[in-house]
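Trainee: Following this line is run-v5.cif, made up of mmCIF, C-alpha atoms:
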data_data
loop_
_atom_site.label_atom_id
_atom_site.label_comp_id
_atom_site.auth_asym_id
_atom_site.auth_seq_id
_atom_site.Cartn_x
_atom_site.Cartn_y
_atom_site.Cartn_z
CA MET X 283 0.00 0.00 0.00
CA ALA X 284 1.47 3.35 -1.03
CA ARG X 285 1.92 6.03 1.58
CA LYS X 286 0.34 9.39 0.96
CA GLU X 287 2.51 12.48 0.91
CA LEU X 288 2.72 14.62 4.03
CA THR X 289 0.92 17.92 4.00
CA GLU X 290 3.06 20.99 4.57
CA LYS X 291 1.67 21.30 8.11
CA GLN X 292 2.39 17.63 8.92
CA PHE X 293 5.90 17.96 7.52
CA MET X 294 6.60 21.08 9.61
CA ILE X 295 5.27 19.44 12.79
CA GLN X 296 7.37 16.33 12.22
CA ARG X 297 10.46 18.37 11.35
CA PHE X 298 10.11 20.59 14.43
CA SER X 299 9.43 17.57 16.65
CA LYS X 300 12.49 15.71 15.40
CA THR X 301 14.66 18.83 15.74
CA ALA X 302 13.42 19.45 19.29
CA LEU X 303 14.05 15.81 20.22
CA ARG X 304 17.59 15.97 18.79
CA ALA X 305 18.27 19.24 20.64
CA LEU X 306 17.20 17.69 23.96
CA HIS X 307 19.37 14.65 23.18
CA ILE X 308 22.42 16.83 22.56
CA LEU X 309 21.73 18.75 25.77
CA GLY X 310 21.54 15.47 27.67
CA ILE X 311 24.76 14.20 26.10
CA THR X 312 26.65 17.39 26.89
CA GLY X 313 25.45 17.44 30.51
CA ALA X 314 26.17 13.77 31.16
CA GLY X 315 29.37 13.87 29.11
CA GLY X 316 30.67 16.84 31.03
CA GLY X 317 29.96 15.07 34.28
CA ILE X 318 31.73 11.92 33.13
CA LEU X 319 34.75 13.66 31.63
CA LEU X 320 35.22 16.00 34.59
CA HIS X 321 34.59 13.28 37.21
CA VAL X 322 31.65 15.17 38.72
CA PRO X 323 29.57 13.16 41.22
CA GLN X 324 26.89 11.19 39.37
CA GLU X 325 23.95 12.75 41.21
CA GLN X 326 24.86 16.11 39.67
CA TRP X 327 24.55 14.90 36.07
CA LEU X 328 22.10 12.00 36.38
CA VAL X 329 19.14 14.03 35.06
CA TYR X 330 21.15 14.74 31.90
CA TRP X 331 21.94 11.03 31.55
CA ILE X 332 18.24 10.19 31.80
CA MET X 333 17.45 12.90 29.24
CA ALA X 334 20.09 11.54 26.84
CA MET X 335 18.94 7.93 27.16
CA SER X 336 15.21 8.67 26.86
CA THR X 337 15.57 10.99 23.86
CA GLY X 338 18.00 8.55 22.24
CA ALA X 339 15.48 5.74 22.66
CA ALA X 340 12.73 7.96 21.21
CA MET X 341 14.88 8.83 18.17
CA MET X 342 15.65 5.14 17.60
CA ALA X 343 11.97 4.25 17.84
CA TRP X 344 11.15 7.08 15.40
CA GLU X 345 13.60 5.67 12.85
CA ILE X 346 12.50 2.05 13.24
CA VAL X 347 8.80 2.90 12.96
CA ARG X 348 9.49 5.14 9.96
CA ASP X 349 11.44 2.40 8.15
CA TRP X 350 12.60 -0.91 9.64
CA ARG X 351 15.53 -0.96 7.18
CA TRP X 352 17.25 1.53 9.50
CA LEU X 353 18.20 -1.54 11.58
CA ILE X 354 20.30 -3.02 8.75
CA GLN X 355 21.73 0.23 7.44
CA LEU X 356 25.09 1.25 8.84
CA LYS X 357 23.51 4.20 10.68
CA GLY X 358 21.31 1.80 12.66
CA VAL X 359 23.98 -0.85 13.16
CA LEU X 360 26.46 1.74 14.45
CA THR X 361 23.81 3.18 16.76
CA LEU X 362 23.28 -0.29 18.21
CA LEU X 363 27.07 -0.60 18.57
CA LYS X 364 27.04 2.68 20.54
CA LEU X 365 24.42 1.17 22.86
CA GLY X 366 26.67 -1.83 23.36
CA MET X 367 29.54 0.50 24.20
CA LEU X 368 27.30 2.25 26.74
CA GLY X 369 26.73 -1.15 28.30
CA LEU X 370 30.48 -1.39 28.86
CA PHE X 371 30.19 1.53 31.31
CA ILE X 372 29.26 -1.03 33.99
CA PRO X 373 32.08 -3.61 33.74
CA PHE X 374 34.67 -1.02 32.68
CA ALA X 375 33.61 1.95 34.83
CA ALA X 376 37.20 3.20 35.05
CA TYR X 377 37.15 3.71 31.26
CA LYS X 378 33.92 5.74 31.04
CA PRO X 379 35.70 8.85 29.68
CA GLU X 380 37.43 6.86 26.93
CA LEU X 381 34.24 4.99 26.05
CA LEU X 382 32.28 8.25 25.96
CA ILE X 383 34.83 9.86 23.62
CA ALA X 384 34.67 6.84 21.29
CA ILE X 385 30.85 6.96 21.32
CA VAL X 386 30.80 10.68 20.51
CA LEU X 387 33.29 10.24 17.65
CA LEU X 388 31.22 7.34 16.28
CA SER X 389 28.13 9.54 16.53
CA VAL X 390 29.76 12.15 14.31
CA VAL X 391 30.50 9.52 11.66
CA VAL X 392 26.92 8.24 11.83
CA SER X 393 25.34 11.71 11.71
CA HIS X 394 27.63 13.52 9.31
CA GLY X 395 29.05 10.79 7.11
CA PRO X 396 28.10 10.61 3.44
CA ALA X 397 24.74 9.05 2.61
CA GLY X 398 26.47 6.15 0.87
CA LEU X 399 28.08 5.23 4.19
CA ARG X 400 25.05 5.86 6.43
CA HIS X 401 22.64 4.02 4.11
CA PHE X 402 24.95 1.07 3.44
CA SER X 403 23.09 -2.16 4.19
CA VAL X 404 25.18 -4.68 6.12
CA ILE X 405 22.85 -7.42 4.80
CA HIS X 406 22.80 -6.45 1.11
CA GLY X 407 26.38 -5.15 0.84
CA ARG X 408 25.26 -2.01 -0.97
CA ARG X 409 23.55 1.31 -0.38
CA LEU X 410 19.93 0.77 0.49
CA ASP X 411 17.86 3.93 0.52
CA GLY X 412 14.83 3.92 2.76
CA ARG X 413 11.75 6.06 2.73
CA LYS X 414 12.13 9.80 2.39
CA GLU X 415 13.37 11.16 5.71
CA VAL X 416 12.11 14.11 7.66
CA LYS X 417 15.30 15.89 8.59
CA GLY X 418 15.69 17.32 12.03
#
Before anything else, please render the file you have as structure tokens.
Mentor:
Amino acid sequence: MARKELTEKQFMIQRFSKTALRALHILGITGAGGGILLHVPQEQWLVYWIMAMSTGAAMMAWEIVRDWRWLIQLKGVLTLLKLGMLGLFIPFAAYKPELLIAIVLLSVVVSHGPAGLRHFSVIHGRRLDGRKEVKG
């Protein structure tokens, strides 16, 4: 079944929503990241951590609902890798700053890499374009 085109109003609402979600995610990452890198007591940056994790989960859900192929494109696979690296915060707590730096650098590649890299399907071995994205 073909999807109908978004109206201008729907597009603007979705674009603003995605941009606002991304902005809150970046705020959460900077607050939690600053706390981790500067060895600030966890209770002082925990709210930022919660903000980063909840907005990150919402952005992942947005992408998966929009197009399940996100999960097999490099942008989705690398995002799942970042989650795995976050899981290493528990057994390797002494290396949180190093893990965080690696996660942030990986995020830049995922977000700002060329479309051919981000849309590369690890299953198909080639670029696999999904549905038209609402940028934000």
Trainee: What's the separation between CA of Val322 in chain X and CA of Ser336 in chain X, in Å to one decimal place?
Mentor: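 Taking CA of Val322 in chain X and CA of Ser336 in chain X, their separation equals 21.3 Å.
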Trainee: Run the PyMOL selection byres ((chain X and resi 338) around 10) on the file and write out the hits as a PyMOL selection string.
Mentor: chain X and resi 303-304+306-308+310-311+332-337+339-344+361+365
Trainee: Determine, using all atoms listed in the file, which residues of range 291-352 of chain X have any atom at most 12 Å from an atom of range 398-411 of chain X, and tabulate each with its shortest atom pair and distance in Å to one decimal place, rows ordered by chain and then rising number, as CSV.
Mentor:
residue,atom,partner,partner_atom,distance
X:Asp349,CA,X:Asp411,CA,10.1
X:Trp350,CA,X:Asp411,CA,11.6
X:Arg351,CA,X:Leu410,CA,8.2
X:Trp352,CA,X:His401,CA,8.0
Trainee: So how many Å separate CA of Gly366 in chain X and CA of Ile385 in chain X, to one decimal?
Mentor: 9.9 Å
Trainee: Quick one, how far is CA of Val391 in chain X from CA of Ile318 in chain X?
Mentor: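 Separation between CA of Val391 in chain X and CA of Ile318 in chain X: 21.6 Å.
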Trainee: Output the residue selection produced by the PyMOL selection byres ((chain X and resi 315) around 12) on the file above, formatted as a PyMOL selection string.
Mentor: chain X and resi 307-314+316-322+324+326-331+333-334+378-386
Trainee: May I have the residues from that selection written out with C-alpha atoms, as a PDB file, in the frame of the given file?
Mentor:
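Wrote it out as out23.pdb, contents follow:
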ATOM      1  CA  HIS X 307      19.370  14.650  23.180  1.00  0.00           C
ATOM      2  CA  ILE X 308      22.420  16.830  22.560  1.00  0.00           C
ATOM      3  CA  LEU X 309      21.730  18.750  25.770  1.00  0.00           C
ATOM      4  CA  GLY X 310      21.540  15.470  27.670  1.00  0.00           C
ATOM      5  CA  ILE X 311      24.760  14.200  26.100  1.00  0.00           C
ATOM      6  CA  THR X 312      26.650  17.390  26.890  1.00  0.00           C
ATOM      7  CA  GLY X 313      25.450  17.440  30.510  1.00  0.00           C
ATOM      8  CA  ALA X 314      26.170  13.770  31.160  1.00  0.00           C
ATOM      9  CA  GLY X 316      30.670  16.840  31.030  1.00  0.00           C
ATOM     10  CA  GLY X 317      29.960  15.070  34.280  1.00  0.00           C
ATOM     11  CA  ILE X 318      31.730  11.920  33.130  1.00  0.00           C
ATOM     12  CA  LEU X 319      34.750  13.660  31.630  1.00  0.00           C
ATOM     13  CA  LEU X 320      35.220  16.000  34.590  1.00  0.00           C
ATOM     14  CA  HIS X 321      34.590  13.280  37.210  1.00  0.00           C
ATOM     15  CA  VAL X 322      31.650  15.170  38.720  1.00  0.00           C
ATOM     16  CA  GLN X 324      26.890  11.190  39.370  1.00  0.00           C
ATOM     17  CA  GLN X 326      24.860  16.110  39.670  1.00  0.00           C
ATOM     18  CA  TRP X 327      24.550  14.900  36.070  1.00  0.00           C
ATOM     19  CA  LEU X 328      22.100  12.000  36.380  1.00  0.00           C
ATOM     20  CA  VAL X 329      19.140  14.030  35.060  1.00  0.00           C
ATOM     21  CA  TYR X 330      21.150  14.740  31.900  1.00  0.00           C
ATOM     22  CA  TRP X 331      21.940  11.030  31.550  1.00  0.00           C
ATOM     23  CA  MET X 333      17.450  12.900  29.240  1.00  0.00           C
ATOM     24  CA  ALA X 334      20.090  11.540  26.840  1.00  0.00           C
ATOM     25  CA  LYS X 378      33.920   5.740  31.040  1.00  0.00           C
ATOM     26  CA  PRO X 379      35.700   8.850  29.680  1.00  0.00           C
ATOM     27  CA  GLU X 380      37.430   6.860  26.930  1.00  0.00           C
ATOM     28  CA  LEU X 381      34.240   4.990  26.050  1.00  0.00           C
ATOM     29  CA  LEU X 382      32.280   8.250  25.960  1.00  0.00           C
ATOM     30  CA  ILE X 383      34.830   9.860  23.620  1.00  0.00           C
ATOM     31  CA  ALA X 384      34.670   6.840  21.290  1.00  0.00           C
ATOM     32  CA  ILE X 385      30.850   6.960  21.320  1.00  0.00           C
ATOM     33  CA  VAL X 386      30.800  10.680  20.510  1.00  0.00           C
TER      34      VAL X 386
END
Trainee: X:Ala305, X:Met294, X:Leu288, X:Leu356: which is nearest Ala397 in chain X, counting all atoms listed in the file?
Mentor: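 Selected residue with least distance to Ala397 in chain X: X:Leu356.
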